[in-house]
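Below is one structure, written out as structure tokens; the observations come after it.
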Amino acid sequence: MIMRTLWIPVFGISMIISSVSAQKIELVTGGGQSAPPCDARSLQLKEPFYSETDPQGRLVIAEMADGQRILRMDKSGLVELIAGTGKKGKPVEGSQNALEASFDGIHNFAIDPKTGDIYIADTWNCVVRKYHAKSRTISTIAGTGNKGFGGDHGDALKAYLGGIYCVALDPSGNNLYLADLHNYCIRVVNLKSGLIKPVAGNGKKGKPIEGGIATEEPLVDPRAVAVDQNNKIYVLERGGNALRVVDPNGRIRTVVNLAGKKGIHGSNGAALDCEMNGPKHIQIDRKNRVLVADAENHQILRYDPITERVERLAGVGKAGIGGLNGSPTEAMLNRPHGVFELPDSDIIITDSYNNRILKILKAKD
């Protein structure tokens, strides 16, 4: 077979791919020594936890405690700072210039696909904040800033939140779901009314009964949330090592790792038998499948609700940094905390403890 190669730019980095080759995993950015503004190839990332593209196709990156910043990379590969001072700090009342805002442990964010506004899980400040794309300002949209549990069915700004480790928009873009790990629940904010209410978890720690009413059942520790095209709410549990789903009727059941066992067995097989180890993030792909960052197993999984099976997409199951430019399943990761599918089906991986962002080209179907 004759192999032909093409040079293509990917976020400003020239990469060689074969027109008939299988999947490959490539470096997007990170591993350098430069501070923004700089080229992606020279950028030094500081504990990146999540990355996603905005409506213009620019890659937005959130750094956790070591960075306390939000960066953005354009299609030419130029990286700039768009929010954060780089130092830990509290939110202020009202709005402020995004570059003057301080955060405390950003774990993830969600971008409005229409406006480009960014909803930020300012985790240890116990608030959700909004980056206003047009004005380049930051304001708080949920939480008082004082850790607690209360205020459901009222104004989200007056609600007491625990650590919000994940935020996710539903397909309509009108509702923002919050994984309130410290309060063992999933809550949702209607962005038009500003009201907040619970959708899963009763505020107590425990494994939910299969088929139980989601708001009446406990949760182990909801680390991430995502909503699919059928308005099913997926809940990822870190210490519970399980993926659960709340159906439109409000019933909850487990779809990955029924036993909740910590381990690595079954990463290519029946979903209910698949073990995980401290999974950290989920995202719904274009085919309504669930991508999972199985962080402590150093791998990326994909759950298919039609076949009820799980497939390993990247990682070898142990921490490392080698194996780029080849098969994703032969590449080594180090505690990946973020995964996001691009519109063209390629997949972005936030390889957190290697301080880099990777990309799976030609994602498998």
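Following the order of the structure tokens, first chain is A, next is B, and so on, with residues numbered from 1 inside each chain and ligands from 1 in the order they appear.
Residue neighbourhood of range 31-37 of chain A, excluding near-sequence residues (fewer than 2 positions): Thr29, Asp39, Ala40, Arg41, Ser42, Leu43, Gln44, Leu45, Leu71, Leu78, Val79, Glu80, Leu81, Asn354, Asn355 and Arg356 of chain A, at 9 Å, using only C-alpha atoms.
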Closest contacts (range 106-150 of chain A/range 268-283 of chain A, max 12 Å, only C-alpha atoms) as CSV:
residue,atom,partner,partner_atom,distance
A:His107,CA,A:Lys280,CA,9.7
A:Asn108,CA,A:His281,CA,8.9
A:Phe109,CA,A:His281,CA,11.3
A:Ala110,CA,A:Gln283,CA,10.7
Go ahead and write the residues just picked, N, CA and C atoms, as a compact mmCIF listing (two decimals), in the first residue's frame.
# COMPACT_ATOMS: atom_id res chain seq x y z
N HIS A 107 -11.73 23.98 38.40
CA HIS A 107 -11.68 22.58 37.97
C HIS A 107 -12.20 22.38 36.55
N ASN A 108 -13.18 23.17 36.15
CA ASN A 108 -13.60 23.10 34.76
C ASN A 108 -14.46 24.30 34.41
N PHE A 109 -14.99 24.32 33.20
CA PHE A 109 -15.86 25.39 32.75
C PHE A 109 -16.74 24.86 31.63
N ALA A 110 -17.71 25.65 31.23
CA ALA A 110 -18.57 25.32 30.09
C ALA A 110 -18.75 26.58 29.26
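Distances here use only C-alpha atoms; by that measure, the residue among A:Gly211, A:Leu178, A:Gly86, A:Glu216 closest to Val235 in chain A is A:Leu178.
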Do a neighbour search on Lys46 in chain A at 6 Å with only C-alpha atoms, toss out local chain neighbours closer than 2 positions, and write the hits as number ranges by chain. A: 48, 66-67
Pairwise distance for CA of Asp122 in chain A and CA of Thr215 in chain A, rounded to one decimal in Å: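 Those two atoms sit 24.3 Å apart.
Distances here use only C-alpha atoms; by that measure, the residue among A:Lys75, A:Lys261, A:Arg129, A:Arg309 closest to Gly240 in chain A is A:Lys261.
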Compile the contact shell of range 58-62 of chain A as a list in words: residues with an atom at most 6 Å away, counting only C-alpha atoms, same-chain residues fewer than 4 positions apart removed.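 The filter keeps Pro48, Phe49, Tyr50, Ser51, Glu52, Thr53, Asp54, Ile70, Leu71, Arg72, Met73 and Asp74 of chain A.
Straight-line separation from CA of Val225 in chain A to CA of Lys204 in chain A: 17.7 Å.
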